[in-house]
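Q: Mind looking over this structure? Questions follow.
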Amino acid sequence: MSRTAPHAVAAAITAVVLAPLALPGYVLRYDMVFVPRQPLSWEMVAPADALPRAVPLDALVSAANLLAPGWLVQRIALVAIVYLAALGMARLMPTGRTLTRVVGAFAYAWTPYLAERLLLGQWGLLLAYAALPWLVAAVRDVRTGRPGGLGRLLLAAAPAAVTPT
């Protein structure tokens, strides 16, 4: 299988799924609210007066907001979710056949579940969804004793640790 095929498929799926978001501005959908500048506060790390609904996700968004405006952070997060979900599934498929990997990527990244979660603005949950194929591959690497498997496992598990859901 060509090394570029999974990336091309992931990019195409991402472009189609997120095409409505190509217009400038912010996407405001229920839980997905980004602002131009989100100041970092201690409440985002260890809330005392509120429920820890978005801990530490809001703190990470605030930190990223120091480097880029909120609309760009939002777009990068959404593109990363769809792209990495498709690419992860294409790489996870236990075959060398390109068509099988393309179908796997398509089936995982273009689902009613992903669409509904996007419409509800539950992008934190979708971070964990996108990390799932990478997590399975990393667990497989750890089980087989492949070098660097534990590091890949910790990296793949990180997106699932940034949201309480």
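Letters for chains follow the order of the structure tokens (A, B, ...), residue numbers begin at 1 for each chain, and ligand numbers begin at 1 in the order shown.
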List as a VMD selection string the protein and nucleic acid residues near stretch 30-42 of chain A, meaning an atom at most 8 Å away when only C-alpha atoms are counted, but skip any in the same chain fewer than 2 places from it.
A: chain A and resid 26 to 28 44 to 47 59 61 to 63 65 to 66 69 to 71 74 119 to 123
Q: Could you pull out the alpha helix (DSSP H) residues of chain A from DSSP and send them as a PyMOL selection string?
A: chain A and resi 5-17+57-65+70-92+98-109+112-119+123-144+149-157
Q: Using only C-alpha atoms, which residue out of A:Ala12, A:Ala86, A:Ala161, A:Val139 lies closest to A:Pro56?
A: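 Among the listed residues, A:Ala161 lies closest to A:Pro56.
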Q: Hey, what's within 9 Å of stretch 100-105 of chain A if we count only C-alpha atoms and toss same-chain stuff fewer than 2 positions away? As a list in words, please?
A: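 Near stretch 100-105 of chain A, the qualifying residues are Ala5, Pro6, Val9, Ala10, Ile13, Ala85, Ala86, Leu87, Gly88, Met89, Ala90, Arg91, Leu92, Met93, Pro94, Thr95, Gly96, Arg97, Thr98, Ala107, Tyr108, Ala109 and Trp110 of chain A.
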Q: Between A:Leu78, A:Ala160, A:Leu154, A:Leu125, single out the one closest to A:Leu21, counting only C-alpha atoms.
A: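 Answer, going by the shortest atom-to-atom distance: A:Leu78.
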